[in-house]
$ cat coords34.txt   # compact mmCIF, C-alpha atoms
# COMPACT_ATOMS: atom_id res chain seq x y z
CA MET A 295 0.00 0.00 0.00
CA GLU A 296 2.85 2.37 0.86
CA TRP A 297 4.37 1.65 -2.57
CA ALA A 298 1.35 3.07 -4.37
CA GLY A 299 1.21 6.25 -2.28
CA GLY A 300 4.94 6.82 -2.55
CA LEU A 301 4.85 6.26 -6.30
CA PHE A 302 2.05 8.81 -6.72
CA LEU A 303 3.81 11.48 -4.64
CA THR A 304 7.16 10.89 -6.35
CA THR A 305 5.53 11.15 -9.77
CA LEU A 306 3.85 14.46 -8.85
CA VAL A 307 7.11 15.92 -7.55
CA LEU A 308 8.99 14.98 -10.73
CA ILE A 309 6.20 16.32 -12.96
CA LEU A 310 6.16 19.69 -11.22
CA TRP A 311 9.93 19.94 -10.64
CA ARG A 312 10.99 18.53 -14.04
CA PRO A 313 14.70 18.05 -13.16
CA ARG A 314 16.98 18.65 -16.15
CA GLY A 315 13.89 19.36 -18.27
CA LEU A 316 12.52 15.84 -17.79
CA GLY A 317 9.36 15.55 -19.91
CA ILE A 318 6.05 14.80 -18.26
CA GLY A 319 5.53 11.86 -20.62
CA TRP A 320 8.78 10.20 -19.54
CA THR A 321 7.91 10.72 -15.87
CA ALA A 322 4.44 9.19 -16.20
CA ALA A 323 5.76 6.32 -18.33
CA GLY A 324 8.44 5.56 -15.76
CA ALA A 325 5.88 5.59 -12.96
CA ALA A 326 3.60 3.27 -14.93
CA GLY A 327 6.56 0.93 -15.52
CA VAL A 328 7.29 0.80 -11.78
CA ALA A 329 3.61 0.07 -11.10
CA LEU A 330 3.76 -2.84 -13.56
CA VAL A 331 7.00 -4.28 -12.22
CA THR A 332 5.75 -4.13 -8.62
CA HIS A 333 2.40 -5.70 -9.66
CA LEU A 334 0.40 -2.69 -8.53
CA VAL A 335 -1.26 -2.84 -11.96
CA THR A 336 -1.45 -5.51 -14.66
CA LEU A 337 -1.17 -5.52 -18.44
CA ALA A 338 -4.96 -5.81 -18.51
CA ASP A 339 -5.11 -2.50 -16.63
CA VAL A 340 -2.84 -0.91 -19.24
CA VAL A 341 -5.14 -2.00 -22.05
CA ALA A 342 -8.23 -0.81 -20.17
CA VAL A 343 -6.70 2.60 -19.43
CA ALA A 344 -5.51 3.05 -23.03
CA ARG A 345 -9.05 2.38 -24.24
CA MET A 346 -10.34 4.92 -21.75
CA VAL A 347 -8.05 7.86 -22.53
CA TRP A 348 -7.07 7.56 -26.22
CA ASP A 349 -10.00 9.57 -27.57
CA ALA A 350 -9.61 12.34 -25.00
CA THR A 351 -5.89 12.82 -25.48
CA LEU A 352 -6.01 12.69 -29.28
CA ALA A 353 -8.85 15.24 -29.31
CA PHE A 354 -6.81 17.51 -27.04
CA ILE A 355 -3.73 17.31 -29.30
CA ALA A 356 -5.86 18.02 -32.38
CA ALA A 357 -7.33 21.11 -30.72
CA ILE A 358 -3.83 22.41 -29.96
CA VAL A 359 -2.78 21.81 -33.58
CA LEU A 360 -5.90 23.64 -34.80
CA ALA A 361 -5.21 26.57 -32.44
CA HIS A 362 -1.62 26.86 -33.70
CA GLY A 363 -2.84 26.82 -37.29
CA MET A 364 -5.28 29.64 -36.55
CA ASP A 365 -2.50 31.58 -34.86
CA ARG A 366 -0.23 31.20 -37.92
CA ALA A 367 -3.02 32.56 -40.12
CA GLY A 368 -3.24 35.68 -37.92
CA PHE A 369 -6.64 34.82 -36.47
CA PHE A 370 -5.91 35.79 -32.85
CA ASP A 371 -3.98 38.94 -33.76
CA TRP A 372 -6.93 40.03 -35.91
CA ALA A 373 -9.44 39.29 -33.13
CA ALA A 374 -7.39 41.14 -30.49
CA ILE A 375 -7.06 44.26 -32.64
CA ARG A 376 -10.74 44.25 -33.62
CA LEU A 377 -11.79 44.02 -29.97
CA ALA A 378 -9.32 46.72 -28.87
CA ARG A 379 -10.61 49.09 -31.58
CA ALA A 380 -14.22 48.26 -30.68
CA ALA A 381 -13.50 49.50 -27.15
CA ARG A 382 -13.02 53.02 -28.61
CA GLY A 383 -10.31 54.06 -26.17
CA ASP A 384 -12.09 52.82 -23.03
CA GLY A 385 -9.58 50.84 -20.95
CA ARG A 386 -12.19 49.11 -18.82
CA ARG A 387 -14.09 47.99 -21.88
CA VAL A 388 -10.99 46.55 -23.55
CA PHE A 389 -10.23 44.74 -20.27
CA LEU A 390 -13.63 43.05 -20.51
CA TYR A 391 -13.12 42.30 -24.22
CA VAL A 392 -9.75 40.64 -23.54
CA MET A 393 -11.47 38.39 -21.01
CA ALA A 394 -14.25 37.63 -23.50
CA LEU A 395 -11.68 36.67 -26.15
CA GLY A 396 -9.97 34.33 -23.69
CA ALA A 397 -13.30 32.77 -22.70
CA ALA A 398 -14.42 32.24 -26.30
CA THR A 399 -11.07 30.74 -27.33
CA SER A 400 -11.02 28.45 -24.31
CA ALA A 401 -14.59 27.28 -24.91
CA VAL A 402 -14.29 26.42 -28.60
CA LEU A 403 -10.67 25.24 -28.66
CA ASN A 404 -9.24 24.53 -25.19
CA ASN A 405 -7.84 26.33 -22.19
CA ASP A 406 -4.20 25.41 -22.82
CA GLY A 407 -4.24 26.84 -26.33
CA ALA A 408 -6.09 29.94 -25.12
CA ILE A 409 -3.51 30.69 -22.42
CA LEU A 410 -0.31 29.90 -24.30
CA ILE A 411 -1.32 31.47 -27.62
CA LEU A 412 -3.30 34.49 -26.43
CA THR A 413 -0.79 35.63 -23.79
CA PRO A 414 1.91 36.72 -26.29
CA VAL A 415 -0.77 38.19 -28.58
CA VAL A 416 -2.34 40.26 -25.79
CA LEU A 417 1.09 41.39 -24.57
CA GLU A 418 2.12 42.51 -28.05
CA LYS A 419 -1.05 44.51 -28.62
CA ILE A 420 -1.03 46.09 -25.16
CA ARG A 421 2.58 47.16 -25.66
CA LEU A 422 1.52 49.01 -28.79
CA LEU A 423 -0.65 51.16 -26.52
CA ARG A 424 2.55 52.19 -24.69
CA LEU A 425 1.38 51.12 -21.26
CA ASP A 426 3.86 50.51 -18.45
CA ALA A 427 4.28 47.08 -16.82
CA ARG A 428 1.82 47.84 -14.02
CA ARG A 429 -0.89 48.84 -16.53
CA MET A 430 -0.21 45.76 -18.68
CA LEU A 431 -0.49 43.25 -15.84
CA PRO A 432 -4.31 43.33 -15.47
CA PHE A 433 -4.84 42.37 -19.12
CA VAL A 434 -2.30 39.55 -19.02
CA MET A 435 -3.52 38.10 -15.72
CA ALA A 436 -7.17 38.39 -16.73
CA SER A 437 -6.69 36.56 -20.04
CA GLY A 438 -4.76 33.77 -18.28
CA PHE A 439 -7.21 33.45 -15.41
CA VAL A 440 -10.38 33.39 -17.49
CA ALA A 441 -9.05 30.78 -19.93
CA ASP A 442 -9.30 28.19 -17.13
CA THR A 443 -12.39 29.47 -15.30
CA THR A 444 -14.42 29.48 -18.53
CA SER A 445 -13.22 26.14 -19.88
CA LEU A 446 -16.43 24.46 -18.68
CA PRO A 447 -19.04 24.71 -21.45
CA LEU A 448 -18.08 22.06 -24.02
CA VAL A 449 -16.42 18.67 -23.82
CA ILE A 450 -13.57 19.96 -26.00
CA SER A 451 -12.86 23.02 -23.82
CA ASN A 452 -10.49 21.27 -21.42
CA LEU A 453 -8.69 17.93 -21.27
CA VAL A 454 -10.34 17.49 -17.86
CA ASN A 455 -13.75 17.71 -19.56
CA ILE A 456 -12.85 15.21 -22.29
CA LEU A 457 -11.45 12.65 -19.84
CA SER A 458 -14.51 13.01 -17.59
CA ALA A 459 -17.04 12.79 -20.42
CA ASP A 460 -15.35 9.65 -21.73
CA SER A 461 -15.06 8.10 -18.28
CA PHE A 462 -18.76 8.64 -17.47
CA HIS A 463 -20.09 8.19 -21.03
CA ILE A 464 -21.58 11.70 -21.18
CA GLY A 465 -22.51 12.88 -24.68
CA PHE A 466 -21.50 16.25 -26.16
CA ILE A 467 -25.01 17.74 -26.05
CA ALA A 468 -25.89 16.36 -22.61
CA TYR A 469 -22.65 17.79 -21.23
CA ALA A 470 -23.18 21.22 -22.80
CA ALA A 471 -26.79 21.39 -21.60
CA ARG A 472 -25.65 21.15 -17.98
CA MET A 473 -22.43 23.13 -18.13
CA ILE A 474 -23.15 26.19 -20.30
CA LEU A 475 -24.96 28.03 -17.48
CA PRO A 476 -22.20 27.34 -14.91
CA ASP A 477 -19.69 28.57 -17.51
CA LEU A 478 -21.58 31.82 -18.14
CA VAL A 479 -21.90 32.39 -14.40
CA SER A 480 -18.20 31.61 -14.01
CA PHE A 481 -17.32 34.19 -16.68
CA ALA A 482 -19.45 36.89 -15.03
CA ALA A 483 -17.95 36.15 -11.61
CA SER A 484 -14.40 36.04 -13.04
CA ALA A 485 -14.87 39.39 -14.77
CA ALA A 486 -16.25 40.94 -11.59
CA VAL A 487 -13.56 39.73 -9.20
CA MET A 488 -10.71 40.44 -11.63
CA TYR A 489 -12.00 43.96 -12.24
CA LEU A 490 -12.31 44.62 -8.50
CA TRP A 491 -8.78 43.33 -7.94
CA PHE A 492 -7.17 45.34 -10.75
CA ARG A 493 -9.50 48.35 -10.98
CA ARG A 494 -6.80 50.85 -9.91
CA ASP A 495 -4.33 49.60 -12.51
CA ILE A 496 -6.65 49.44 -15.52
CA PRO A 497 -6.14 52.59 -17.63
CA ARG A 498 -9.27 54.66 -18.06
CA ARG A 499 -8.35 55.70 -21.59
CA PHE A 500 -5.95 54.57 -24.29
CA GLU A 501 -5.21 55.73 -27.81
CA PRO A 502 -6.59 53.18 -30.33
CA SER A 503 -4.81 54.89 -33.23
CA GLU A 504 -1.59 53.26 -31.98
CA LEU A 505 -2.97 49.90 -33.12
CA PRO A 506 -2.46 48.69 -36.70
CA ASP A 507 -5.39 47.95 -38.98
CA ALA A 508 -6.74 44.48 -38.24
CA ALA A 509 -6.60 43.42 -41.88
CA THR A 510 -2.83 43.91 -41.99
CA VAL A 511 -2.13 41.09 -39.51
CA ILE A 512 -3.93 38.43 -41.57
CA ARG A 513 -1.14 36.36 -43.08
CA HIS A 514 -3.30 34.59 -45.69
CA ARG A 515 -6.93 35.45 -46.33
CA GLY A 516 -7.87 32.02 -47.64
CA VAL A 517 -6.47 30.20 -44.59
CA PHE A 518 -7.99 32.87 -42.32
CA ARG A 519 -11.46 32.30 -43.78
CA LEU A 520 -10.97 28.53 -43.62
CA ALA A 521 -10.20 28.84 -39.89
CA TRP A 522 -13.74 30.11 -39.30
CA GLY A 523 -15.10 27.13 -41.18
CA MET A 524 -12.99 24.70 -39.15
CA LEU A 525 -14.30 26.18 -35.90
CA ALA A 526 -17.84 25.58 -37.15
CA LEU A 527 -16.88 22.05 -38.21
CA LEU A 528 -15.36 21.34 -34.79
CA VAL A 529 -18.41 22.39 -32.79
CA GLY A 530 -21.05 21.20 -35.28
CA GLY A 531 -19.24 17.94 -35.92
CA ASP A 532 -18.99 17.17 -32.22
CA MET A 533 -22.73 17.74 -31.82
CA VAL A 534 -23.44 15.22 -34.57
CA ALA A 535 -20.66 12.77 -33.66
CA GLU A 536 -22.42 11.24 -30.67
CA PHE A 537 -25.46 10.32 -32.79
CA VAL A 538 -23.40 8.59 -35.48
CA HIS A 539 -20.97 7.09 -32.94
CA VAL A 540 -17.90 8.92 -34.24
CA PRO A 541 -15.15 9.69 -31.69
CA VAL A 542 -14.67 13.34 -30.73
CA SER A 543 -11.01 13.04 -31.70
CA ALA A 544 -11.94 12.13 -35.29
CA VAL A 545 -13.84 15.40 -35.73
CA ALA A 546 -11.05 17.42 -34.11
CA TRP A 547 -8.37 15.82 -36.29
CA LEU A 548 -10.42 16.35 -39.44
CA ALA A 549 -10.65 20.09 -38.71
CA ALA A 550 -6.99 20.35 -37.68
CA SER A 551 -5.77 18.39 -40.70
CA ILE A 552 -7.74 20.44 -43.22
CA LEU A 553 -6.44 23.71 -41.78
CA THR A 554 -2.86 22.39 -41.53
CA VAL A 555 -2.81 21.17 -45.14
CA ALA A 556 -4.19 24.51 -46.33
CA GLY A 557 -1.67 26.39 -44.19
CA VAL A 558 1.27 24.35 -45.50
CA ARG A 559 0.16 24.84 -49.10
CA ALA A 560 -0.20 28.59 -48.48
CA ARG A 561 3.25 28.62 -46.82
CA VAL A 562 2.04 30.12 -43.56
CA MET A 563 2.90 26.86 -41.76
CA ARG A 564 5.52 24.15 -42.01
CA ALA A 565 4.53 20.52 -41.60
CA HIS A 566 7.56 19.56 -39.50
CA GLN A 567 6.98 22.55 -37.20
CA VAL A 568 3.35 21.56 -36.63
CA ALA A 569 4.41 17.99 -35.83
CA ARG A 570 7.15 19.20 -33.47
CA GLU A 571 4.90 21.61 -31.56
CA ALA A 572 2.03 19.15 -31.04
CA PRO A 573 2.02 17.89 -27.41
CA TRP A 574 2.41 14.18 -28.21
CA SER A 575 3.73 13.48 -24.73
CA VAL A 576 0.21 14.08 -23.38
CA ILE A 577 -0.77 10.62 -24.70
CA VAL A 578 1.88 8.86 -22.61
CA PHE A 579 1.23 11.22 -19.69
CA SER A 580 -2.51 10.46 -19.62
CA ILE A 581 -2.06 6.69 -19.77
CA GLY A 582 0.79 6.73 -17.24
CA MET A 583 -1.00 8.92 -14.70
CA TYR A 584 -4.21 6.94 -14.97
CA LEU A 585 -2.24 3.76 -14.26
CA VAL A 586 -0.65 5.37 -11.19
CA VAL A 587 -4.11 6.38 -9.94
CA ASP A 588 -5.35 2.86 -10.74
CA ALA A 589 -2.50 1.50 -8.64
CA MET A 590 -3.62 3.68 -5.73
CA GLN A 591 -7.16 2.36 -6.05
CA ASN A 592 -5.95 -1.24 -6.19
CA ALA A 593 -3.95 -0.60 -3.01
CA GLY A 594 -6.98 0.92 -1.29
CA LEU A 595 -5.50 4.40 -1.01
CA THR A 596 -8.49 6.15 -2.61
CA SER A 597 -10.92 4.83 0.02
CA TRP A 598 -10.62 8.03 2.09
CA LEU A 599 -11.77 10.08 -0.90
CA GLU A 600 -14.67 7.69 -1.47
CA ARG A 601 -15.71 8.01 2.18
CA CYS A 602 -15.65 11.81 1.97
CA MET A 603 -17.86 11.79 -1.13
CA ALA A 604 -20.24 9.23 0.37
CA ALA A 605 -20.66 11.38 3.50
CA MET A 606 -21.41 14.46 1.40
CA VAL A 607 -23.90 12.59 -0.80
CA ALA A 608 -25.72 11.44 2.34
CA HIS A 609 -26.56 15.10 3.05
CA GLY A 610 -28.30 15.62 -0.30
CA LEU A 611 -27.61 17.10 -3.72
CA PHE A 612 -26.61 20.58 -2.54
CA ILE A 613 -23.87 19.37 -0.16
CA GLY A 614 -22.90 16.59 -2.58
CA VAL A 615 -22.30 18.99 -5.47
CA LEU A 616 -20.59 21.79 -3.53
CA GLY A 617 -18.56 19.41 -1.39
CA THR A 618 -17.33 17.35 -4.34
CA GLY A 619 -16.48 20.50 -6.28
CA PHE A 620 -14.45 22.01 -3.44
CA LEU A 621 -12.73 18.70 -2.70
CA ALA A 622 -11.72 18.41 -6.37
CA ALA A 623 -10.53 22.03 -6.37
CA LEU A 624 -8.32 21.53 -3.31
CA LEU A 625 -6.86 18.33 -4.74
CA SER A 626 -6.17 20.08 -8.04
CA SER A 627 -4.46 23.02 -6.38
CA VAL A 628 -1.90 20.83 -4.61
CA ALA A 629 -1.73 17.65 -6.70
CA ASN A 630 -2.26 19.01 -10.24
CA ASN A 631 -5.63 18.93 -11.99
CA LEU A 632 -5.23 15.86 -14.24
CA PRO A 633 -4.31 13.44 -11.43
CA ALA A 634 -7.06 15.05 -9.33
CA THR A 635 -9.58 14.49 -12.14
CA MET A 636 -8.61 10.85 -12.35
CA LEU A 637 -8.72 10.37 -8.57
CA GLY A 638 -12.19 11.94 -8.49
CA ALA A 639 -13.46 9.81 -11.37
CA VAL A 640 -12.17 6.58 -9.84
CA SER A 641 -13.74 7.46 -6.47
CA ILE A 642 -17.11 8.41 -7.97
CA HIS A 643 -17.29 5.14 -9.90
CA ALA A 644 -16.44 3.21 -6.72
CA LEU A 645 -19.52 4.63 -4.94
CA HIS A 646 -21.87 2.74 -7.33
CA LEU A 647 -24.52 5.46 -7.23
CA SER A 648 -27.48 5.91 -9.55
CA PRO A 649 -26.70 7.36 -13.03
CA ALA A 650 -28.19 10.74 -12.03
CA TRP A 651 -26.07 10.96 -8.87
CA THR A 652 -22.96 9.69 -10.64
CA HIS A 653 -23.23 12.34 -13.36
CA ALA A 654 -24.00 15.08 -10.82
CA LEU A 655 -20.77 14.35 -8.96
CA ALA A 656 -18.89 14.01 -12.26
CA TYR A 657 -19.94 17.53 -13.30
CA ALA A 658 -18.98 18.91 -9.87
CA ASN A 659 -15.61 17.16 -10.15
CA VAL A 660 -15.06 18.80 -13.55
CA ILE A 661 -15.81 22.28 -12.20
CA GLY A 662 -13.49 21.77 -9.26
CA CYS A 663 -10.67 20.46 -11.46
CA ASP A 664 -11.13 23.21 -14.07
CA LEU A 665 -11.18 26.09 -11.56
CA GLY A 666 -9.20 24.77 -8.59
CA PRO A 667 -5.79 24.84 -10.35
CA LYS A 668 -5.90 28.65 -10.45
CA MET A 669 -5.34 28.81 -6.68
CA THR A 670 -1.67 27.79 -6.89
CA PRO A 671 1.07 27.95 -9.56
CA VAL A 672 1.41 24.14 -9.46
CA GLY A 673 -2.30 23.46 -9.96
CA SER A 674 -1.84 22.77 -13.68
CA LEU A 675 1.05 22.29 -16.08
CA VAL A 676 -0.26 25.04 -18.35
CA THR A 677 -0.05 27.58 -15.49
CA LEU A 678 3.62 26.74 -15.00
CA LEU A 679 4.21 27.13 -18.74
CA TRP A 680 2.22 30.39 -18.74
CA LEU A 681 4.31 31.87 -15.93
CA HIS A 682 7.42 30.87 -17.90
CA VAL A 683 6.05 32.74 -20.94
CA LEU A 684 5.48 35.83 -18.78
CA ARG A 685 9.04 35.70 -17.42
CA ARG A 686 10.35 35.40 -20.96
CA GLU A 687 8.36 38.52 -21.84
CA GLY A 688 9.83 40.43 -18.90
CA ILE A 689 6.83 40.15 -16.54
CA ARG A 690 7.60 38.45 -13.23
CA VAL A 691 4.83 37.13 -10.98
CA THR A 692 6.02 35.63 -7.69
CA ALA A 693 4.42 32.46 -6.34
CA LEU A 694 3.10 34.35 -3.30
CA ALA A 695 1.57 37.12 -5.42
CA TYR A 696 -0.01 34.55 -7.72
CA MET A 697 -1.49 32.55 -4.84
CA ARG A 698 -2.90 35.66 -3.18
CA LEU A 699 -4.67 36.56 -6.41
CA GLY A 700 -5.55 32.93 -7.20
CA VAL A 701 -7.25 32.12 -3.89
CA VAL A 702 -9.11 35.44 -3.58
CA CYS A 703 -10.41 35.27 -7.15
CA THR A 704 -11.00 31.52 -7.51
CA VAL A 705 -13.07 30.84 -4.39
CA PRO A 706 -16.05 33.13 -5.23
CA VAL A 707 -15.99 31.99 -8.87
CA LEU A 708 -15.96 28.35 -7.78
CA ILE A 709 -18.89 28.89 -5.41
CA THR A 710 -21.04 30.63 -8.04
CA ALA A 711 -20.26 28.03 -10.72
CA LEU A 712 -21.18 25.14 -8.38
CA LEU A 713 -24.38 26.90 -7.32
CA ALA A 714 -25.30 27.31 -11.00
CA LEU A 715 -24.64 23.59 -11.57
CA TYR A 716 -26.85 22.73 -8.59
CA LEU A 717 -29.71 24.78 -10.05
CA VAL A 718 -29.31 23.14 -13.46
CA LEU A 719 -29.31 19.66 -11.92
CA ARG A 720 -32.44 20.44 -9.89
CA VAL A 721 -34.24 21.41 -13.10
CA THR A 722 -32.93 18.67 -15.39
CA ASN A 723 -32.77 15.62 -13.06

$ encode --input "coords34.txt" --output "structure tokens"
Amino acid sequence: MEWAGGLFLTTLVLILWRPRGLGIGWTAAGAAGVALVTHLVTLADVVAVARMVWDATLAFIAAIVLAHGMDRAGFFDWAAIRLARAARGDGRRVFLYVMALGAATSAVLNNDGAILILTPVVLEKIRLLRLDARRMLPFVMASGFVADTTSLPLVISNLVNILSADSFHIGFIAYAARMILPDLVSFAASAAVMYLWFRRDIPRRFEPSELPDAATVIRHRGVFRLAWGMLALLVGGDMVAEFVHVPVSAVAWLAASILTVAGVRARVMRAHQVAREAPWSVIVFSIGMYLVVDAMQNAGLTSWLERCMAAMVAHGLFIGVLGTGFLAALLSSVANNLPATMLGAVSIHALHLSPAWTHALAYANVIGCDLGPKMTPVGSLVTLLWLHVLRREGIRVTALAYMRLGVVCTVPVLITALLALYLVLRVTN
């Protein structure tokens, strides 16, 4: 039993520390190998886990490839400039528009792409307005924060969502029907708390004439127009896919492949660069981490989590939803959101509840694992990468400053999102 717990903690430390640049895929694969050698899991477990996570991870990689293709075509630069000009010199309005752009990108593509691609774009455009570092910080922090807090609405919006939907066999439409309202509430709450936090640093006015014309940043009009079509294909295709029993990843790869081929032919992308930038290690990471979590379950180390959830369920839907959401958020903030998602899913399945109760806790687990990581810098891998991007751009955010902002802003957003989910479940169940 101690082996499984020690293996899990060691794996988390290596993933977050990454000594000598050790890739997360290698770490998870090594941990899975140890679990196999020590008989904590079997080859049958490996096959079962691979069947469980392949669709989710491939869909996630395809969404990242699609986002990079759109970026190469100038899509995000164009959108940022259009929104900044639409604000007509009002700093508070452009602050809200930046958050809306992050939310929309996160919802339709995914939160990782939204954070890592939009951050340099927002920084570049804000610098054109000749703002100092203190005036730039609200826009950068807001776009990064909202990309996670509004990654709830669609299955494809977050790897956490895809893994959960696959694990609990929740269809695209059924998922969206229950999570769109919590996402809208989460966006409103995020905008409110971020504005209150940064209200003194947001410039009242700026000069929009400093910005270039939006049309000038489009690198190829044909690929740019095709990007709009691929977004429609991604969302529309996923809505249809569950009825014709087509995997979500197939739709995502179709859209990403069409845009990539067009981009390569138009010479705005290079095939080898697309292949190199795609996060292939996520496949190995997902399988490896799920096996480590499986080892913990086999050793009985997840029983405490199951007992907590069972106690909360005994007090009714309200306590069950809010308690599960906060438990998932706390786990995500200290143990990273993907392992926390897997721990939550394994524990919920072990309770053997009715389908309605099982799905209710699954949705609460998703909200907690999507929002909880914002409380600490180690809550998600993308946050660590995002902070690295900021340092590279000359903006330093200390761990203490980040946590102060993260906890203050995340807790009220988490509460409102879980309350919205509770209301939706009361109406739909």

$ residues_around --input "coords34.txt" --residues "Gly614 (chain A)" --least-positions-apart "2" --cutoff "10 Å" --atoms "all atoms listed in the file" --output "list in words"
Cys602, Met603, Ala604, Ala605, Met606, Val607, Ala608, His609, Gly610, Leu611, Phe612, Leu616, Gly617, Thr618, Gly619, Trp651, Ala654, Leu655, Ala658 and Tyr716 of chain A

$ residues_around --input "coords34.txt" --residues "region 694-701 of chain A" --least-positions-apart "4" --cutoff "10 Å" --atoms "all atoms listed in the file" --output "MDAnalysis selection string"
chainID A and resid 435 439 487:488 491 627 665:671 681 690 705:706

$ axis_aligned_box --input "coords34.txt" --around "region 628-644 of chain A" --padding-each-side "6 Å" --output "AutoDock Vina command-line options"
--center_x -9.5 --center_y 12.0 --center_z -9.4 --size_x 27.6 --size_y 29.6 --size_z 21.6

$ residues_near_point --input "coords34.txt" --point "(-12.8, 15.6, -4.0)" --cutoff "7 Å" --atoms "only C-alpha atoms" --output "VMD selection string"
chain A and resid 599 603 618 to 622 625 638 659

$ atom_distance --input "coords34.txt" --atom1 "CA of Ile577 (chain A)" --atom2 "CA of Val359 (chain A)"
14.4 Å

$ closest_residue --input "coords34.txt" --among "A:Pro633, A:Pro447, A:Pro573, A:Gly438" --to "Thr677 (chain A)" --atoms "all atoms listed in the file"
A:Gly438

$ closest_residue --input "coords34.txt" --among "A:Gly368, A:Gly315, A:Pro432, A:Pro541" --to "Leu352 (chain A)" --atoms "only C-alpha atoms"
A:Pro541

$ closest_residue --input "coords34.txt" --among "A:Thr596, A:Thr443, A:Ser451, A:Thr710" --to "Ala401 (chain A)" --atoms "all atoms listed in the file"
A:Ser451

$ residues_near_point --input "coords34.txt" --point "(-10.6, 55.7, -22.9)" --cutoff "9 Å" --atoms "all atoms listed in the file" --output "VMD selection string"
chain A and resid 381 to 387 497 to 502

$ closest_residue --input "coords34.txt" --among "A:Thr692, A:Thr510, A:Thr635, A:Ser400" --to "Ala459 (chain A)" --atoms "all atoms listed in the file"
A:Thr635

$ atom_distance --input "coords34.txt" --atom1 "CA of Lys419 (chain A)" --atom2 "CA of Ile358 (chain A)"
22.3 Å

$ closest_residue --input "coords34.txt" --among "A:Leu624, A:Leu453, A:Ile689, A:Val307" --to "Leu417 (chain A)" --atoms "all atoms listed in the file"
A:Ile689

$ atom_distance --input "coords34.txt" --atom1 "CA of Thr554 (chain A)" --atom2 "CA of Val568 (chain A)"
8.0 Å

$ closest_residue --input "coords34.txt" --among "A:Ala408, A:Val615, A:Leu645, A:Leu675" --to "Val628 (chain A)" --atoms "all atoms listed in the file"
A:Leu675

$ residues_around --input "coords34.txt" --residues "Ala325 (chain A)" --least-positions-apart "3" --cutoff "12 Å" --atoms "only C-alpha atoms" --output "PDB file with C-alpha atoms, in the frame of the given file"
ATOM      1  CA  TRP A 297       4.370   1.650  -2.570  1.00  0.00           C
ATOM      2  CA  ALA A 298       1.350   3.070  -4.370  1.00  0.00           C
ATOM      3  CA  GLY A 299       1.210   6.250  -2.280  1.00  0.00           C
ATOM      4  CA  GLY A 300       4.940   6.820  -2.550  1.00  0.00           C
ATOM      5  CA  LEU A 301       4.850   6.260  -6.300  1.00  0.00           C
ATOM      6  CA  PHE A 302       2.050   8.810  -6.720  1.00  0.00           C
ATOM      7  CA  LEU A 303       3.810  11.480  -4.640  1.00  0.00           C
ATOM      8  CA  THR A 304       7.160  10.890  -6.350  1.00  0.00           C
ATOM      9  CA  THR A 305       5.530  11.150  -9.770  1.00  0.00           C
ATOM     10  CA  LEU A 306       3.850  14.460  -8.850  1.00  0.00           C
ATOM     11  CA  VAL A 307       7.110  15.920  -7.550  1.00  0.00           C
ATOM     12  CA  LEU A 308       8.990  14.980 -10.730  1.00  0.00           C
ATOM     13  CA  ILE A 309       6.200  16.320 -12.960  1.00  0.00           C
ATOM     14  CA  ILE A 318       6.050  14.800 -18.260  1.00  0.00           C
ATOM     15  CA  GLY A 319       5.530  11.860 -20.620  1.00  0.00           C
ATOM     16  CA  TRP A 320       8.780  10.200 -19.540  1.00  0.00           C
ATOM     17  CA  THR A 321       7.910  10.720 -15.870  1.00  0.00           C
ATOM     18  CA  ALA A 322       4.440   9.190 -16.200  1.00  0.00           C
ATOM     19  CA  VAL A 328       7.290   0.800 -11.780  1.00  0.00           C
ATOM     20  CA  ALA A 329       3.610   0.070 -11.100  1.00  0.00           C
ATOM     21  CA  LEU A 330       3.760  -2.840 -13.560  1.00  0.00           C
ATOM     22  CA  VAL A 331       7.000  -4.280 -12.220  1.00  0.00           C
ATOM     23  CA  THR A 332       5.750  -4.130  -8.620  1.00  0.00           C
ATOM     24  CA  LEU A 334       0.400  -2.690  -8.530  1.00  0.00           C
ATOM     25  CA  VAL A 335      -1.260  -2.840 -11.960  1.00  0.00           C
ATOM     26  CA  VAL A 578       1.880   8.860 -22.610  1.00  0.00           C
ATOM     27  CA  PHE A 579       1.230  11.220 -19.690  1.00  0.00           C
ATOM     28  CA  SER A 580      -2.510  10.460 -19.620  1.00  0.00           C
ATOM     29  CA  ILE A 581      -2.060   6.690 -19.770  1.00  0.00           C
ATOM     30  CA  GLY A 582       0.790   6.730 -17.240  1.00  0.00           C
ATOM     31  CA  MET A 583      -1.000   8.920 -14.700  1.00  0.00           C
ATOM     32  CA  TYR A 584      -4.210   6.940 -14.970  1.00  0.00           C
ATOM     33  CA  LEU A 585      -2.240   3.760 -14.260  1.00  0.00           C
ATOM     34  CA  VAL A 586      -0.650   5.370 -11.190  1.00  0.00           C
ATOM     35  CA  VAL A 587      -4.110   6.380  -9.940  1.00  0.00           C
ATOM     36  CA  ASP A 588      -5.350   2.860 -10.740  1.00  0.00           C
ATOM     37  CA  ALA A 589      -2.500   1.500  -8.640  1.00  0.00           C
TER      38      ALA A 589
END

$ residues_around --input "coords34.txt" --residues "region 523-533 of chain A" --least-positions-apart "3" --cutoff "7 Å" --atoms "all atoms listed in the file" --output "MDAnalysis selection string"
chainID A and resid 466:467 519:520 536 542 545:546 549
